[in-house]
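Down below is the structure, laid out as structure tokens.
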Amino acid sequence: MPKTIRTGLIAFAFLSYLIFIGVPGRIGENALPILAVVAGLFFWLNLRREVGRKGDSVHVLRAGLQAGATAGLLIAMESGLFATLLGNGVSIQPVFDKIVPQNIAALLGVRPGAIAQAQVPLLRYLLQVVYFTGSGLLGALAVAAVGASLRTYFSRPAMVSAGRWLVIALPFVLLAIVIYLGLPNVKLFSTNRGTVRLLLTLVTTGSGLFALRLTRPGRERMAVATLLGLGVLSMPFALDQFQNSVMGIVFIYVMMGLGLNIVVGYAGLLDLGYVAFFAIGAYTYAFVSAPFSSPFIRSLLLDLGVSADSPLLGYWMALPLAMITATIGGILLGIPVLRLRGDYLAIVTLGFGEIIRLFMLNLGELTNGPRGILQISQPGLFGLAPDAFSSGQLSSQGWIFLLALLSSALIAFIAIRLNDSRLGRAWIAMQEDEDVAQATGVHLVRTKLLAFAIGATFAGLAGQLYAARQINIFPENFSLFVSIDALALIIVGGIGSAPGIVLGALALKGLPEVLRGVDEYRIVTFAALLVIMMIVRPAGILPSARRRFERDSSDLDDGEDEIVVNSG
Amino acid sequence: MARHAETAQKLRIDEQAATRYIGIAILALIIWRVITVGLAEGYPTSFWISQALNGMVLGGVYALVALGYTLVYGILFMINFAHGEVMMLGGIAGFFALQFAQGQGWMEGPWLVVVVALLFIMLIGMVTSVLIGMTLERLAYRPLRQAPRLVPLISAIGASLFLQYSVLLIFGVSPHSYRKPALISGGLRLGNVFIPYTGAIIFITSVLLMLALYFIIQRTKLGRAMRAVAEDRSTAALMGVDVDAVIVVTFMLGSALAGAAGVMLGFHNTVVKFNSGFMPGLKAFTAAVLGGIGNIPGAMFGALVLGLIEAIGPSALGIPTEYKDVIAFTLLVLILIFRPSGLFGEVLSEKKA
């Protein structure tokens, strides 16, 4: 089978998938052009590889034409089949939920009624073929245009320098736009201004990390870092409730990611039950700050003669308690799994996370079971109640965001310092080879337990802040997916690197919120991006220096060693 | 630092001994609990037998799925997190095949027709799962063959989510319920013990499939190639084994078993939905680890143990059935404390994991 036909078939499979999940019907009347553009993008990505082999643009154009025509013909046949079936009164919906007249009509650019009456003009199918052939050509044109000449033009020293300054300036420009969008009388077409602003906020924060990476170490980096830090710190005051709440959860996950990174990234212990410590922190704070919602705690406190009106401890008083309980949880998990390696460790930690969740769900006396714990008190500062903030500039969610920001900065500082410490080197040594590490004097038990304990402490902190953010917490908030999200974000961002973790959290917890508008497609998009991301950049978006070095040096040998080097 | 070293010296806990003491303490607690609570309830023997039979049926299904995990792990050292979804998709395909068969009236026909129809449904489920498994390997795992260990895991998690929610989008939210044909909806009564036909069929089919797999692995050329690749991939390649082909076949075998399990679980639970592969997948993985991951008889045995414990555990310990997952995971932790690489684990974990 020629390669171009294969490209067309893959494009057809991809487009068919979009049809089966009902994308055309969702887009509406402009579905065909939009899908054609998406297909064009796909062809561009796919044909780029052709250029390397046979440079001439005629070849590329012919390839694009063939691939586009293949996809177009097949799509026309598929929609013809569905249109005919639907027109003859066959109901496909019991099997394929989204194959309804409306969906196919959008794909053909006709009214849904025309499908039901089987009156689709043949011209419509021809138009589909033309559109997708066009998109193939468009993709090929883009490949031919953005050829090698353009690439050499952009790699001249002057252009590189200009590009560098452009990237460094980008976050500041974006920040200005974000703040401008927050002004009360700004209109932005008819779209949801809050969502656009959220997206820009995420991009601003993310581009700041890239900017920081591009600066030269020394004075330049310090200056940019300070400015960026001030910019990010001003965000909670500038954003509104919605953006602040999303940024709050993003940075709560940054806190978790930094903690999990100690366990997985530094010490190399694959922990899939990290949510347990998050839950322990959250529930500890819930018990002491909303003490009368659970029968057991209520009776305990009444026995102790505590009055039933106010929370037992405030946020700051509960902080050490949440940390200590989470740490104890970390050590308790750590002891039995000391001897386990790799995937055995993964499944046991996963089991531990599930056990904690099931206990929360079923120990109704203590945790209220699925009804959860309600009315957890909000953190104050110097005797100021959170209400005082919401009347002023800072909304209650902004306050959470600010706290999350400061806490994750503190945790990042501790984590980076730990990584550079004697303990950090012991972790790395243990990750590389436990036996050798032990032989060179690393106390394995202590080193492992410290990794679990420190990681758990950070998760406990994150959990406490999460409980304060949610106000009401339920066992469902602490499912396995929290662990998976935390693990995914450190790997997407670049394991072992703190900026990478922030970026991962922005991408994995922030972007899905932007996609709320197309809620039903949120998770499939996220999941597909996760897979693609792993294939395109397995080391993460912003890999740590050590990993980058490892990857570059492992290109020299056959790569077999890589498997051993990074094993858990 | 000096002070730390001193305390460490003073405590001088031998980690193995410490974990072993904890394990023994928990074990003693469980035995005490079984004797004082579970046996004191005074359930009739028939109750225990039917619980055990339930457990064996569940264990058989877990075993089929666990074999998929263990086969892939043995060769690629990766946890195929999306395996539960491969099973679920087999169940979905089986549902539509059943719909079709019922539409044709095959399910009311003579018993031979029903049996052939059931085999046909099973085959459809298996073929679908095989196709999905192959696609998964080609798209999500093969590009990552040389990547660090965690990367394919994340890719697998992404694939798992993708498959789940694609099913939700494509086939809709309403759960698909299997309607058992009249021929197999009854059961056999032996004294006070009631054995549903579906249960018996599921168990027997699982055992047959497992035997078939064992035959393939141990007696055929293909199986020898698979074992060679599991032992040492690069040496096997040097000996003329087509490693890529063996990996694809491994995925196909595992997925075929998962597809069969999906259809049988559909008949057992009567419902298949987008997320119904998740928990059985997790349990099957637990079972595979329990038996020593990468070890085929280990996966079968681990799954049976897990199924039995899950069915008998709650009544034996006198605790609510909601805790059956807690029991399963606690058992796992306990066994791994005593045998860190599973019941039949080799020294593999020292060497490769």
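Identifiers for the structure tokens are assigned positionally: chains receive A, B, ... in sequence, residues are indexed from 1 per chain, and ligands are indexed from 1 in the order shown.
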Tell me as JSON, numbers by chain which residues belonging to chain A come within 7 Å of chain B, counting only C-alpha atoms.
{"A": [20, 21, 95, 96, 97, 98, 335, 336, 339, 340, 341, 342, 344, 347, 348, 351, 355, 488, 523, 524, 527, 528, 530, 531, 534, 535, 538, 559, 560, 562, 563, 566, 567]}
Give me every helix (DSSP H, G or I) residue in region 305-521 of chain A, going by DSSP on the backbone, as a ChimeraX atom specification.
/A:315-334,342-362,364-367,369-371,386-391,396-420,422-432,434-439,444-470,475-478,480-493,498-521
Rounded to one decimal in Å, what is the spacing between CA of Leu465 (chain A) and CA of Ala282 (chain A)?
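Between CA of Leu465 (chain A) and CA of Ala282 (chain A) the gap works out to 7.4 Å.
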So that I can check the surroundings of Ile262 (chain A), please list as a list of chain:residue names every protein, DNA and RNA residue that reaches within 10 Å of it, counting only C-alpha atoms and ignoring chain neighbours fewer than 2 positions away.
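After dropping sequence-adjacent residues, the list is A:Gly257, A:Leu258, A:Gly259, A:Leu260, A:Val264, A:Gly265, A:Tyr266, A:Ala267, A:Gly268, A:Leu269, A:Ala415, A:Ile416, A:Leu418, A:Asn419, A:Gly424, A:Trp427, A:Leu450, A:Ala451, A:Phe452, A:Ala453, A:Ile454, A:Gly455, A:Ala456, A:Phe458, A:Ile495, A:Gly496.
Counting only C-alpha atoms and comparing B:Ala284, B:Leu136, B:Ala225, B:Leu257, the residue that lies closest to Asp242 (chain B) is B:Ala225.
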Looking at only C-alpha atoms, which of A:Ser57, A:Ser396, A:Thr152, A:Thr195 is the one that sits closest to Pro512 (chain A)?
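That would be A:Thr195, the residue with the smallest distance to Pro512 (chain A).
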Neighbouring residues of Ile168 (chain A) were defined as those with any atom within 9 Å, considering only C-alpha atoms; residues of the same chain fewer than 5 positions away were excluded. Please report them as a VMD selection string.
chain A and resid 163 207 to 208 210 to 212 214 to 215 224
